[in-house]
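A.B. asks: Sending over a structure as C-alpha cells; questions will come in a sec.
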Amino acid sequence: MHGLMNRSIQCFLRDTYGAATWAAVARQAQLGFENFEAMLSYDDALTDAVLEAAVQVLGRARDTVLEDLGIYLVSHPERQGLRRLLRFGGVGYADFLHSLEDLPGRIRLALPEVEAPHLVLEDHSSSEYSVLCHAGLAGAGHVVVGILRAMADDYGALTLVEYQGVAPDGAERIAITLADDDFAEGRRFDLAMQVTP
Amino acid sequence: MGAAPPDRPDLTAIAAGGLDLLMPMHVRIGSHGRILGCGPTIAKLHQGHGFLDRPALEVMDVRRPSGVEDLRDLRRLVGRRLYLKLAALPGLTLRGIAVPMPGGGLLLNLSFGIDLIEAVRDCGLTDADFAPTDLAVELLYVVEAKSAVMHELRGLNLRLQGAKSMAEEQALTDTLTGLRNRRALETILRRLVEGRQGFALMHMDLDYFKAVNDTLGHAAGDHVLRVVAQILTDETRANDTVARVGGDEFVLVMPGLADAALATQIAARIIARLSLPIPFEGSICRIAASAGFTLSDSYAQPEAETMLNDADQALYAAKRAGRACVQQYLPPELPAEAPREPQTSRRKRGPSAGPAG
C-alpha cells in the first residue's frame, strides 16, 4: 500500500483522537516504527493491521472508522490537499460526481505508483446516482461514503449518501440522492493555490 | 462547411452566444479594425478597461510573429500561432489564433498558454471562465498535485537527512564499548585546537589484554573492554572524551585540564582501578594499564597530530618504565622548570624515547 494511504490513516487517528491513541494503535499493530512516510511504500498487511488495531483501540466498528477517515480527509482544516484536488472536479456537486471516474487518472497524474480505487458512476436521473467502487482495501467504499458526504457539505449540496453493500464481483455500491445542488453556501474554492513558501 | 447563402445574417451576430460558450476567450474584430465583441472571460479581464470599439491593435500587442502594424498584417497571419499581450494585462503572454469572419473581420481565439497559473491567480478566474473542453483546470490540478507531492518529498528528504546525521553520529561511536571512536576523537581534537582551548590528551593502553583474549576467549576480552570503558567513563567528567582507538588502546581528552599533577592523579586512579581483578563467568581476568599524556599548554601552537604522537611517546616511555605507570610528555625545548612532583614515577624528556609501536 502506498505510504500516502497509511500516512492518511495515521494523521486521521492522531488528529482526531490524539497522539497517545495513535501510539497505542501503532503498538497494537506492532508496526515497529512511529510514523508512516507518505512517500514510501508499505506492505498491504500493515494497513489492515493498523485498521484492525484502530477498531480495537477505539472500540468502534471498522465501517465507521473508515467513513470517519473519509470525512476527515476532506473536511479537516489542516488538510486542504485532497479537498482542493477533488474540487477541481467541477463547479457543482453533480459535476463533481460526474468527474469521479476521472479520479484514478487524476491521482495517476500526480503519483503514478498509487493504486487508486476504481470508481464507476451510474446516473439514473439528475438526482439519483450510484457509485461502484473496486478497491484493494476491504471496506474502501466506506471511505468513499465519507468523502462523498463531506464533499456535499463542501459544495453546499443537500444529499443522501448510502452504503449499499458488496456485489458478488467485490464492487461496493453506494447510492447518492442529490436533493439540492445549491442548498447552502459551500466552502470557497479558489482555483489558484495559495503560494506556499 | 459550404459557402454560406448570401442572405444569411452575420454569422458571429447569430452565434455570439454559442461562441461565448465554446470560446470564452475569443475576440471579434470588425473590418474597420475595431473590437466588435468578445467572450465573457476576455470581458472579465477587461473590467474597468475600455475594450469594445477600441482599435484592436491598441488593446493588444502581437509580439510574434513580429511586424503586425495593422489589420492587414494580422490577416496575413490567419492560421498561425500568435503570441500577444493584452494592454490590460501587460504581465501575461497569451496565445492566439485568428480566422477570417464574413465581412472582412477577424475572429481571434486566445488562451493563457504557460502563464495560466499567474492569470488565474491575478484575475481571480474560476472553472466557469474556461470552456468545459479546456484542459486549463486540469493543468492547474496537476501543478497543485505536483506541488503537494514535492512538498511531501522535501519533508521526507529532511527526515532522511536527519536519519543520516543520526547514523553518522552512531558511526562516531565504538559499537562494542559505546565509547567514541577514532573519527570522533579527531573531530573533537580539531575543535579544541581550533578553539584554542587548553586540554590534556592521554593515551592509555591495556597490559595483559592479549593474554585474557588468548586464555579466556574473546567473550572475556569483550567483557573486559566494556568494564574498562565503564571505568574510564566513571573516572572522567561529562565533557571529557573517552575514545577507543585500537583493540586495547584508549585516548582521553580532558578540556580545561592544564595541571600535570592533576592529570597524573587521574591517570593513577584509573590505572589503580584497572588493576583490580575483573570476574567473568567464574573466571578472573587480570589486566593493567599504562598511560602517557601531554598538555596543550606545552605547545606554542598545539596540533592534534603532534599531540597524539607525543602522548603515544609518553605512553611507551611509561611502559618501558614498568607497567602500570603514567608519564607526561615534556617537549625538549622547554627549560627544566620547577619539576612538579609527584608527576610520574619516572620523568621522560623529549621524544628521544625511541621505538614506539
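By order in the C-alpha cells, chains are A, B, ...; within a chain, residues start at 1; ligands start at 1, following the order shown.
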May I have the residues within 8 Å of stretch 221-223 of chain B as a list in words, using only C-alpha atoms and disregarding those fewer than 2 positions away in the same chain?
C.D. replies: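 Final neighbour list, sorted by chain and number: Leu176, Phe209, Val212, Asn213, Leu216, Gly217, His218, Ala219, Leu225, Arg226, Val227 and Phe280 of chain B.
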A.B. asks: May I have a table of the residues of chain A lying at most 10 Å from chain B, giving each one's closest pair of atoms and their distance in Å to one decimal, counting only C-alpha atoms, ordered by chain and ascending residue number, as a Markdown table?
C.D. replies:
| residue | atom | partner | partner_atom | distance |
| --- | --- | --- | --- | --- |
| A:Leu4 | CA | B:Glu152 | CA | 9.6 |
| A:Glu37 | CA | B:Leu156 | CA | 7.2 |
| A:Ala38 | CA | B:Glu152 | CA | 7.0 |
| A:Met39 | CA | B:Leu153 | CA | 6.6 |
| A:Leu40 | CA | B:Leu156 | CA | 9.0 |
| A:Gly81 | CA | B:Ala148 | CA | 7.3 |
| A:Leu82 | CA | B:Ala145 | CA | 9.0 |
| A:Arg84 | CA | B:Tyr141 | CA | 8.7 |
| A:Leu85 | CA | B:Tyr141 | CA | 6.5 |
| A:Leu86 | CA | B:Tyr141 | CA | 9.2 |
| A:Arg87 | CA | B:Tyr141 | CA | 9.5 |
| A:Phe88 | CA | B:Tyr141 | CA | 6.5 |
| A:Gly89 | CA | B:Val137 | CA | 8.8 |
| A:Gly90 | CA | B:Asp127 | CA | 7.5 |
| A:Val91 | CA | B:Asp127 | CA | 6.8 |
| A:Arg106 | CA | B:Val142 | CA | 7.9 |
| A:Ile107 | CA | B:Ala145 | CA | 8.4 |
| A:Leu109 | CA | B:Val142 | CA | 6.8 |
| A:Ala110 | CA | B:Ala145 | CA | 5.6 |
| A:Leu111 | CA | B:Val149 | CA | 7.8 |
| A:Phe189 | CA | B:Thr126 | CA | 8.6 |
| A:Asp190 | CA | B:Thr126 | CA | 7.0 |
| A:Leu191 | CA | B:Thr126 | CA | 5.9 |
| A:Ala192 | CA | B:Arg121 | CA | 5.1 |
| A:Met193 | CA | B:Glu144 | CA | 6.9 |
| A:Gln194 | CA | B:Arg121 | CA | 8.6 |
| A:Val195 | CA | B:Arg121 | CA | 9.7 |
| A:Thr196 | CA | B:Ser147 | CA | 9.1 |
A.B. asks: Tell me, as a PyMOL selection string, which residues lie within 9 Å of stretch 249-260 of chain B, counting only C-alpha atoms; anything in the same chain fewer than 5 positions away does not count.
C.D. replies: chain B and resi 182+185+188-189+192+197-206+229+232+236-237+239-244+265+293-297+308+328+340+343
A.B. asks: So that I can see what lies close to B:Tyr208, please list as a list in words the residues with an atom at most 8 Å from it, counting only C-alpha atoms and leaving out residues fewer than 2 positions away in the same chain.
C.D. replies: Leu206, Lys210, Ala211, Val212, Arg286, Ile287 and Ala288 of chain B
A.B. asks: Would you export the selected residues with N, CA and C atoms as a PDB file, in the first residue's frame, please?
C.D. replies:
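As a result, part08.pdb now contains:
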ATOM      1  N   LEU B 206      46.137  -1.091  27.478  1.00  0.00           N
ATOM      2  CA  LEU B 206      45.988  -2.164  28.463  1.00  0.00           C
ATOM      3  C   LEU B 206      47.175  -3.115  28.378  1.00  0.00           C
ATOM      4  N   LYS B 210      45.923  -9.166  25.798  1.00  0.00           N
ATOM      5  CA  LYS B 210      46.038 -10.252  24.830  1.00  0.00           C
ATOM      6  C   LYS B 210      45.962 -11.615  25.549  1.00  0.00           C
ATOM      7  N   ALA B 211      46.545 -11.652  26.732  1.00  0.00           N
ATOM      8  CA  ALA B 211      46.533 -12.903  27.498  1.00  0.00           C
ATOM      9  C   ALA B 211      45.100 -13.286  27.870  1.00  0.00           C
ATOM     10  N   VAL B 212      44.295 -12.292  28.227  1.00  0.00           N
ATOM     11  CA  VAL B 212      42.888 -12.564  28.570  1.00  0.00           C
ATOM     12  C   VAL B 212      42.200 -13.164  27.357  1.00  0.00           C
ATOM     13  N   ARG B 286      42.696 -10.562  34.666  1.00  0.00           N
ATOM     14  CA  ARG B 286      43.602  -9.574  35.276  1.00  0.00           C
ATOM     15  C   ARG B 286      44.297  -8.788  34.171  1.00  0.00           C
ATOM     16  N   ILE B 287      44.165  -7.497  34.261  1.00  0.00           N
ATOM     17  CA  ILE B 287      44.857  -6.642  33.314  1.00  0.00           C
ATOM     18  C   ILE B 287      45.522  -5.506  34.090  1.00  0.00           C
ATOM     19  N   ALA B 288      46.261  -4.712  33.389  1.00  0.00           N
ATOM     20  CA  ALA B 288      46.812  -3.494  33.969  1.00  0.00           C
ATOM     21  C   ALA B 288      46.795  -2.456  32.858  1.00  0.00           C
TER      22      ALA B 288
END
A.B. asks: Just list as a ChimeraX atom specification whatever in stretch 95-182 of chain A DSSP marks as strand (DSSP E or B).
C.D. replies: /A:118-123,128-134,158-166,172-180
A.B. asks: Taking the chain letters and numbering used in this document, name the residues of stretch 220-255 of chain B that DSSP puts in helix (DSSP H, G or I), as a PyMOL selection string.
C.D. replies: chain B and resi 220-234
